[in-house]
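Reproduced below: target_18.tsv, with TSV, C-alpha atoms (C1' of nucleotides).
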```tsv
chain	number	residue	atom	x	y	z
A	1	MET	CA	146.08	93.69	120.61
A	2	ALA	CA	143.45	92.94	123.20
A	3	GLU	CA	144.42	93.77	126.73
A	4	THR	CA	144.64	90.73	128.98
A	5	LYS	CA	142.57	90.95	132.08
A	6	TYR	CA	143.45	89.54	135.45
A	7	TRP	CA	141.28	88.31	138.29
A	8	LEU	CA	141.40	86.63	141.65
A	9	MET	CA	138.92	83.98	142.81
A	10	LYS	CA	138.63	82.72	146.39
A	11	SER	CA	137.76	79.25	147.52
A	12	GLU	CA	137.93	77.47	150.83
A	13	PRO	CA	140.21	74.47	150.38
A	14	ASP	CA	137.98	72.45	152.73
A	15	GLU	CA	135.28	72.89	150.09
A	16	PHE	CA	137.29	73.05	146.88
A	17	GLY	CA	141.02	73.62	146.80
A	18	ILE	CA	143.57	73.79	144.03
A	19	ASP	CA	144.29	70.05	144.34
A	20	ASP	CA	140.61	69.38	143.69
A	21	LEU	CA	140.86	71.43	140.52
A	22	ALA	CA	144.04	69.59	139.50
A	23	SER	CA	142.25	66.24	139.78
A	24	ARG	CA	139.27	67.29	137.66
A	25	GLU	CA	139.00	66.15	134.06
A	26	ASN	CA	140.99	68.55	131.87
A	27	GLN	CA	141.82	70.33	135.14
A	28	THR	CA	138.69	72.34	134.45
A	29	THR	CA	135.63	73.10	136.54
A	30	TYR	CA	132.61	75.37	136.66
A	31	TRP	CA	132.90	77.93	139.45
A	32	GLU	CA	129.56	77.18	141.07
A	33	GLY	CA	127.93	78.70	144.10
A	34	ILE	CA	128.68	82.39	143.73
A	35	ARG	CA	125.72	84.14	145.36
A	36	ASN	CA	126.92	87.70	145.49
A	37	TYR	CA	125.78	90.12	142.82
A	38	GLN	CA	129.04	91.98	142.38
A	39	ALA	CA	130.97	88.74	141.94
A	40	ARG	CA	128.30	87.41	139.59
A	41	ASN	CA	128.45	90.54	137.48
A	42	PHE	CA	132.19	90.14	137.04
A	43	MET	CA	131.68	86.61	135.71
A	44	ARG	CA	128.64	87.48	133.63
A	45	ASP	CA	129.78	90.79	132.15
A	46	ASP	CA	133.55	91.12	132.30
A	47	MET	CA	135.28	87.76	132.26
A	48	LYS	CA	136.32	86.48	128.85
A	49	PRO	CA	137.90	83.21	127.78
A	50	GLY	CA	141.66	83.49	128.15
A	51	HIS	CA	141.58	85.91	131.06
A	52	LYS	CA	144.03	84.93	133.79
A	53	VAL	CA	142.94	84.18	137.35
A	54	PHE	CA	144.70	83.75	140.68
A	55	PHE	CA	143.41	80.88	142.81
A	56	TYR	CA	143.26	82.03	146.45
A	57	HIS	CA	142.69	79.83	149.48
A	58	SER	CA	140.44	81.56	152.01
A	59	ARG	CA	139.61	80.36	155.53
A	60	ALA	CA	142.69	78.22	155.33
A	61	ASN	CA	146.09	77.78	156.84
A	62	PRO	CA	148.02	79.27	155.26
A	63	LEU	CA	146.01	81.97	153.52
A	64	ALA	CA	147.66	82.22	150.15
A	65	ILE	CA	147.54	82.52	146.39
A	66	VAL	CA	148.22	78.94	145.43
A	67	GLY	CA	148.25	78.98	141.64
A	68	THR	CA	146.79	80.32	138.43
A	69	MET	CA	143.86	79.48	136.17
A	70	GLU	CA	142.35	80.80	133.00
A	71	VAL	CA	138.76	81.50	132.08
A	72	ALA	CA	137.70	78.59	129.87
A	73	SER	CA	134.15	79.41	128.78
A	74	GLU	CA	131.65	82.13	128.08
A	75	PRO	CA	129.33	82.87	131.02
A	76	TYR	CA	126.28	80.61	131.42
A	77	PRO	CA	123.65	80.05	134.10
A	78	ASP	CA	124.89	78.25	137.23
A	79	PRO	CA	123.07	74.87	137.07
A	80	SER	CA	123.07	74.52	140.87
A	81	GLN	CA	120.50	77.31	141.22
A	82	PHE	CA	117.88	75.00	139.64
A	83	ASP	CA	118.79	71.91	141.66
A	84	PRO	CA	116.69	71.50	144.82
A	85	SER	CA	119.20	69.04	146.23
A	86	SER	CA	122.06	71.54	145.93
A	87	LYS	CA	122.98	73.80	148.78
A	88	TYR	CA	123.16	76.56	146.17
A	89	PHE	CA	119.52	76.05	145.12
A	90	ASP	CA	117.66	79.33	144.62
A	91	GLU	CA	113.90	79.00	144.52
A	92	LYS	CA	113.54	82.41	142.95
A	93	ALA	CA	115.62	81.49	139.92
A	94	THR	CA	114.00	79.99	136.82
A	95	GLU	CA	115.41	78.59	133.60
A	96	GLU	CA	113.85	81.52	131.78
A	97	LYS	CA	115.16	84.02	134.30
A	98	PRO	CA	118.34	82.67	135.83
A	99	ARG	CA	119.80	84.73	138.62
A	100	TRP	CA	123.28	83.30	138.86
A	101	PHE	CA	125.94	82.93	136.19
A	102	LEU	CA	129.34	81.34	136.17
A	103	VAL	CA	132.30	80.58	133.94
A	104	ASP	CA	134.50	77.51	133.58
A	105	VAL	CA	138.08	77.82	134.74
A	106	ARG	CA	141.08	75.68	133.82
A	107	LEU	CA	144.19	75.25	135.90
A	108	ILE	CA	147.29	76.83	134.42
A	109	ARG	CA	149.63	75.84	137.23
A	110	LYS	CA	149.90	75.24	140.92
A	111	PHE	CA	152.66	77.34	142.45
A	112	GLU	CA	155.46	75.28	143.96
A	113	LYS	CA	155.69	78.00	146.57
A	114	PRO	CA	152.32	79.59	147.47
A	115	VAL	CA	152.39	83.35	147.96
A	116	LEU	CA	151.29	83.94	151.51
A	117	ARG	CA	148.87	86.65	152.47
A	118	ASP	CA	151.17	87.55	155.34
A	119	ASP	CA	154.04	88.15	152.92
A	120	MET	CA	151.89	90.10	150.47
A	121	LYS	CA	150.99	92.54	153.23
A	122	ASP	CA	154.58	93.73	153.40
A	123	VAL	CA	154.91	94.51	149.69
A	124	ASP	CA	154.45	98.11	148.58
A	125	GLU	CA	153.37	97.17	145.05
A	126	LEU	CA	150.45	95.21	146.50
A	127	ALA	CA	149.27	97.83	148.97
A	128	GLU	CA	146.20	98.62	146.86
A	129	MET	CA	145.11	95.02	146.32
A	130	LEU	CA	141.44	94.55	147.12
A	131	LEU	CA	142.28	91.24	148.71
A	132	LEU	CA	144.35	92.92	151.41
A	133	LYS	CA	141.89	95.70	152.22
A	134	LYS	CA	140.24	95.39	155.60
A	135	GLY	CA	136.64	94.30	155.38
A	136	SER	CA	136.92	93.25	151.75
A	137	ARG	CA	135.07	89.98	151.25
A	138	LEU	CA	134.44	89.99	147.54
A	139	SER	CA	135.07	86.45	146.35
A	140	ILE	CA	135.88	87.45	142.77
A	141	GLN	CA	137.95	90.55	142.21
A	142	PRO	CA	139.94	92.29	139.48
A	143	VAL	CA	143.72	92.30	139.69
A	144	THR	CA	146.07	94.73	137.94
A	145	ALA	CA	148.82	93.68	135.53
A	146	GLN	CA	151.38	94.99	138.00
A	147	GLU	CA	149.91	92.86	140.81
A	148	TRP	CA	149.89	89.85	138.48
A	149	ARG	CA	153.60	90.30	137.77
A	150	LYS	CA	154.58	91.00	141.36
A	151	VAL	CA	152.86	87.93	142.76
A	152	HIS	CA	154.57	85.77	140.15
A	153	GLU	CA	157.88	87.29	141.10
A	154	MET	CA	157.21	86.44	144.75
A	155	ALA	CA	156.30	82.88	143.77
A	156	GLY	CA	159.47	82.54	141.72
A	157	GLU	CA	157.35	81.85	138.63
A	158	LYS	CA	157.25	83.33	135.15
A	159	PRO	CA	154.03	85.29	134.58
B	160	DG	C1'	112.54	103.43	149.62
B	161	DC	C1'	114.17	103.31	154.53
B	162	DC	C1'	116.38	100.71	157.73
B	163	DA	C1'	116.30	97.03	161.46
B	164	DA	C1'	117.01	92.37	161.63
B	165	DC	C1'	119.07	88.65	159.90
B	166	DG	C1'	122.57	85.87	157.35
B	167	DT	C1'	127.24	85.30	155.50
B	168	DT	C1'	132.14	85.90	154.77
B	169	DG	C1'	136.57	85.27	156.07
B	170	DG	C1'	140.67	87.07	158.84
B	171	DC	C1'	142.21	86.33	163.18
C	172	DG	C1'	135.37	79.18	166.91
C	173	DC	C1'	134.69	84.21	167.37
C	174	DC	C1'	132.88	88.15	165.65
C	175	DA	C1'	133.39	92.58	162.76
C	176	DA	C1'	132.23	94.03	158.49
C	177	DC	C1'	129.26	93.46	154.83
C	178	DG	C1'	125.05	92.20	151.98
C	179	DT	C1'	120.33	91.05	151.65
C	180	DT	C1'	115.56	90.80	153.03
C	181	DG	C1'	111.20	92.35	154.09
C	182	DG	C1'	107.93	95.03	157.09
C	183	DC	C1'	106.34	99.39	157.20
```
Could you quickly redo this structure as structure tokens?
Amino acid sequence: MAETKYWLMKSEPDEFGIDDLASRENQTTYWEGIRNYQARNFMRDDMKPGHKVFFYHSRANPLAIVGTMEVASEPYPDPSQFDPSSKYFDEKATEEKPRWFLVDVRLIRKFEKPVLRDDMKDVDELAEMLLLKKGSRLSIQPVTAQEWRKVHEMAGEKP
DNA sequence: GCCAACGTTGGC
DNA sequence: GCCAACGTTGGC
């Protein structure tokens, strides 16, 4: 049996929050605008359809994991890099040599009770989470199966 | 290929 | 809104 992989993706709710995802057709969107190589590499090389993803609200009040998604496509070039009118336009990217890749994600569920960053800090099982490390700003990060379970437990949800 | 200057992220 | 911690860029 293939091992399920878990991830966490950040978004600022002022830009795109979980309610925006919920209102999209099929509750699916392309995760555009990632312009960090490490985060891109995760999407391009490691994410597979069916992988599970936490949706995290950054630069928000409250800071929290607000729900779950699943990867819903193979990686493909981020269209916004070719669009001069997009704020994510990258003049050094070409159709032949795209720089930026993304995947589609589909909402699994919005937590009735978001799991607050402040509460996660107090939990031993989450002490090693990248998200909680000082100075960590990676907007897409791997999550362990244990962390996946623990956060669901805190949310009062079945993993 | 070093590293100073600049730009960005994101908690606080 | 501030600013520390990072990442990237580009002159040399």
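Going from atom CA of Met154 of chain A over to atom CA of His51 of chain A, you cover 20.8 Å.
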Query raised in the report: What is the atom CA of Asp45 of chain A-atom CA of Tyr76 of chain A distance in Å, reported with one decimal?
Result: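 Atom CA of Asp45 of chain A sits 10.8 Å away from atom CA of Tyr76 of chain A.
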Requested in this report: List the neighbours of DC161 of chain B out to 12 Å using only C-alpha atoms (C1' of nucleotides); skip same-chain residues closer than 2 positions along the sequence, and give me the result as a list in words.
Outcome: DA163 of chain B; DG181, DG182 and DC183 of chain C
Query raised in the report: Which polymer residues have any atom within 10 Å of an atom of DG178 of chain C, counting all atoms listed in the file, with same-chain residues fewer than 3 positions away left out, as a list of chain:residue names?
Result: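 Counting only the stated atoms, we get A:Asn36, A:Tyr37, B:DG166, B:DT167, B:DT168.
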Six-sided padding of 6 Å per side, axis-aligned box over segment 167-171 of chain B, centre and edges in Å, one decimal, as AutoDock Vina command-line options:
```
--center_x 134.7 --center_y 86.2 --center_z 159.0 --size_x 27.0 --size_y 13.8 --size_z 20.4
```
Report task. Would you list the contacts of segment 96-98 of chain A as a PyMOL selection string, taking every protein, DNA or RNA residue within 10 Å and counting only C-alpha atoms (C1' of nucleotides), but skipping same-chain residues closer than 6 positions in sequence? Result -> chain A and resi 76-79+81-82+90
Query raised in the report: Mind listing as a PyMOL selection string which residues of chain A are within 12 Å of chain B, counting all atoms listed in the file?
Result: chain A and resi 10-12+35-36+57-63+117-118+131-139
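Going from atom CA of Tyr88 of chain A over to atom CA of Gly33 of chain A, you cover 5.6 Å.
Distance check against Glu70 of chain A using only C-alpha atoms: of A:Met120, A:Ala93, A:Met9, A:Ala127, the minimum falls on A:Met9.
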Using all atoms listed in the file, can you list as a PDB file with C-alpha atoms, in the coordinates of the input the residues within 8 Å of (144.4, 71.3, 138.8)?
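Done, and the output landed in out_32.pdb:
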```
ATOM      1  CA  ILE A  18     143.570  73.790 144.030  1.00  0.00           C
ATOM      2  CA  ASP A  19     144.290  70.050 144.340  1.00  0.00           C
ATOM      3  CA  ASP A  20     140.610  69.380 143.690  1.00  0.00           C
ATOM      4  CA  LEU A  21     140.860  71.430 140.520  1.00  0.00           C
ATOM      5  CA  ALA A  22     144.040  69.590 139.500  1.00  0.00           C
ATOM      6  CA  SER A  23     142.250  66.240 139.780  1.00  0.00           C
ATOM      7  CA  ARG A  24     139.270  67.290 137.660  1.00  0.00           C
ATOM      8  CA  GLN A  27     141.820  70.330 135.140  1.00  0.00           C
ATOM      9  CA  THR A  28     138.690  72.340 134.450  1.00  0.00           C
ATOM     10  CA  ARG A 106     141.080  75.680 133.820  1.00  0.00           C
ATOM     11  CA  LEU A 107     144.190  75.250 135.900  1.00  0.00           C
ATOM     12  CA  ILE A 108     147.290  76.830 134.420  1.00  0.00           C
ATOM     13  CA  ARG A 109     149.630  75.840 137.230  1.00  0.00           C
ATOM     14  CA  LYS A 110     149.900  75.240 140.920  1.00  0.00           C
TER      15      LYS A 110
END
```
Could you complete segment 21-32 of chain A so that it carries all heavy atoms, and give it back as an mmCIF file, in the frame of the given file?
```cif
data_model
loop_
_atom_site.group_PDB
_atom_site.id
_atom_site.type_symbol
_atom_site.label_atom_id
_atom_site.label_comp_id
_atom_site.auth_asym_id
_atom_site.auth_seq_id
_atom_site.Cartn_x
_atom_site.Cartn_y
_atom_site.Cartn_z
ATOM 1 N N LEU A 21 140.895 70.994 141.926
ATOM 2 C CA LEU A 21 140.860 71.430 140.520
ATOM 3 C C LEU A 21 141.836 70.593 139.687
ATOM 4 O O LEU A 21 141.513 70.161 138.577
ATOM 5 C CB LEU A 21 141.217 72.920 140.423
ATOM 6 C CG LEU A 21 141.290 73.493 139.008
ATOM 7 C CD1 LEU A 21 139.964 73.333 138.271
ATOM 8 C CD2 LEU A 21 141.694 74.975 139.052
ATOM 9 N N ALA A 22 143.015 70.339 140.239
ATOM 10 C CA ALA A 22 144.040 69.590 139.500
ATOM 11 C C ALA A 22 143.583 68.172 139.174
ATOM 12 O O ALA A 22 144.009 67.590 138.176
ATOM 13 C CB ALA A 22 145.336 69.559 140.300
ATOM 14 N N SER A 23 142.679 67.628 140.007
ATOM 15 C CA SER A 23 142.250 66.240 139.780
ATOM 16 C C SER A 23 141.008 66.150 138.904
ATOM 17 O O SER A 23 140.567 65.060 138.558
ATOM 18 C CB SER A 23 141.997 65.556 141.124
ATOM 19 O OG SER A 23 140.920 66.183 141.787
ATOM 20 N N ARG A 24 140.430 67.307 138.556
ATOM 21 C CA ARG A 24 139.270 67.290 137.660
ATOM 22 C C ARG A 24 139.686 66.982 136.229
ATOM 23 O O ARG A 24 140.813 67.287 135.825
ATOM 24 C CB ARG A 24 138.552 68.647 137.665
ATOM 25 C CG ARG A 24 137.801 68.973 138.932
ATOM 26 C CD ARG A 24 136.605 68.064 139.106
ATOM 27 N NE ARG A 24 136.007 68.249 140.432
ATOM 28 C CZ ARG A 24 135.016 69.104 140.684
ATOM 29 N NH1 ARG A 24 134.516 69.839 139.711
ATOM 30 N NH2 ARG A 24 134.530 69.212 141.905
ATOM 31 N N GLU A 25 138.752 66.413 135.468
ATOM 32 C CA GLU A 25 139.000 66.150 134.060
ATOM 33 C C GLU A 25 139.385 67.442 133.356
ATOM 34 O O GLU A 25 138.731 68.478 133.530
ATOM 35 C CB GLU A 25 137.737 65.557 133.424
ATOM 36 C CG GLU A 25 137.972 65.025 132.034
ATOM 37 C CD GLU A 25 136.698 64.431 131.446
ATOM 38 O OE1 GLU A 25 135.674 64.366 132.167
ATOM 39 O OE2 GLU A 25 136.729 64.045 130.260
ATOM 40 N N ASN A 26 140.462 67.368 132.573
ATOM 41 C CA ASN A 26 140.990 68.550 131.870
ATOM 42 C C ASN A 26 141.399 69.673 132.831
ATOM 43 O O ASN A 26 141.572 70.816 132.418
ATOM 44 C CB ASN A 26 139.995 69.112 130.857
ATOM 45 C CG ASN A 26 139.677 68.124 129.753
ATOM 46 O OD1 ASN A 26 140.553 67.359 129.338
ATOM 47 N ND2 ASN A 26 138.432 68.116 129.293
ATOM 48 N N GLN A 27 141.490 69.334 134.100
ATOM 49 C CA GLN A 27 141.820 70.330 135.140
ATOM 50 C C GLN A 27 140.935 71.565 135.002
ATOM 51 O O GLN A 27 141.377 72.703 135.159
ATOM 52 C CB GLN A 27 143.307 70.693 135.066
ATOM 53 C CG GLN A 27 144.197 69.449 135.227
ATOM 54 C CD GLN A 27 145.652 69.775 135.447
ATOM 55 O OE1 GLN A 27 146.186 70.712 134.867
ATOM 56 N NE2 GLN A 27 146.302 69.021 136.322
ATOM 57 N N THR A 28 139.670 71.274 134.704
ATOM 58 C CA THR A 28 138.690 72.340 134.450
ATOM 59 C C THR A 28 137.473 72.116 135.331
ATOM 60 O O THR A 28 137.081 70.975 135.584
ATOM 61 C CB THR A 28 138.261 72.305 132.965
ATOM 62 O OG1 THR A 28 139.417 72.474 132.151
ATOM 63 C CG2 THR A 28 137.247 73.397 132.655
ATOM 64 N N THR A 29 136.871 73.207 135.794
ATOM 65 C CA THR A 29 135.630 73.100 136.540
ATOM 66 C C THR A 29 134.770 74.325 136.298
ATOM 67 O O THR A 29 135.240 75.328 135.771
ATOM 68 C CB THR A 29 135.886 72.943 138.055
ATOM 69 O OG1 THR A 29 134.660 72.568 138.706
ATOM 70 C CG2 THR A 29 136.365 74.245 138.675
ATOM 71 N N TYR A 30 133.489 74.202 136.658
ATOM 72 C CA TYR A 30 132.610 75.370 136.660
ATOM 73 C C TYR A 30 132.644 75.952 138.059
ATOM 74 O O TYR A 30 132.600 75.230 139.043
ATOM 75 C CB TYR A 30 131.190 75.006 136.227
ATOM 76 C CG TYR A 30 130.670 73.732 136.836
ATOM 77 C CD1 TYR A 30 129.970 73.747 138.041
ATOM 78 C CD2 TYR A 30 130.907 72.502 136.214
ATOM 79 C CE1 TYR A 30 129.515 72.577 138.615
ATOM 80 C CE2 TYR A 30 130.458 71.326 136.793
ATOM 81 C CZ TYR A 30 129.764 71.375 137.991
ATOM 82 O OH TYR A 30 129.340 70.207 138.572
ATOM 83 N N TRP A 31 132.711 77.273 138.147
ATOM 84 C CA TRP A 31 132.900 77.930 139.450
ATOM 85 C C TRP A 31 131.548 78.164 140.097
ATOM 86 O O TRP A 31 131.070 79.295 140.179
ATOM 87 C CB TRP A 31 133.656 79.238 139.229
ATOM 88 C CG TRP A 31 134.394 79.699 140.453
ATOM 89 C CD1 TRP A 31 133.986 80.682 141.307
ATOM 90 C CD2 TRP A 31 135.648 79.227 140.954
ATOM 91 N NE1 TRP A 31 134.902 80.835 142.315
ATOM 92 C CE2 TRP A 31 135.937 79.955 142.124
ATOM 93 C CE3 TRP A 31 136.564 78.247 140.541
ATOM 94 C CZ2 TRP A 31 137.097 79.745 142.871
ATOM 95 C CZ3 TRP A 31 137.710 78.037 141.284
ATOM 96 C CH2 TRP A 31 137.960 78.789 142.432
ATOM 97 N N GLU A 32 130.940 77.080 140.612
ATOM 98 C CA GLU A 32 129.560 77.180 141.070
ATOM 99 C C GLU A 32 129.443 77.834 142.439
ATOM 100 O O GLU A 32 130.411 77.917 143.191
ATOM 101 C CB GLU A 32 128.897 75.803 141.112
ATOM 102 C CG GLU A 32 129.422 74.931 142.236
ATOM 103 C CD GLU A 32 128.599 73.650 142.421
ATOM 104 O OE1 GLU A 32 127.661 73.389 141.656
ATOM 105 O OE2 GLU A 32 128.917 72.909 143.360
#
```
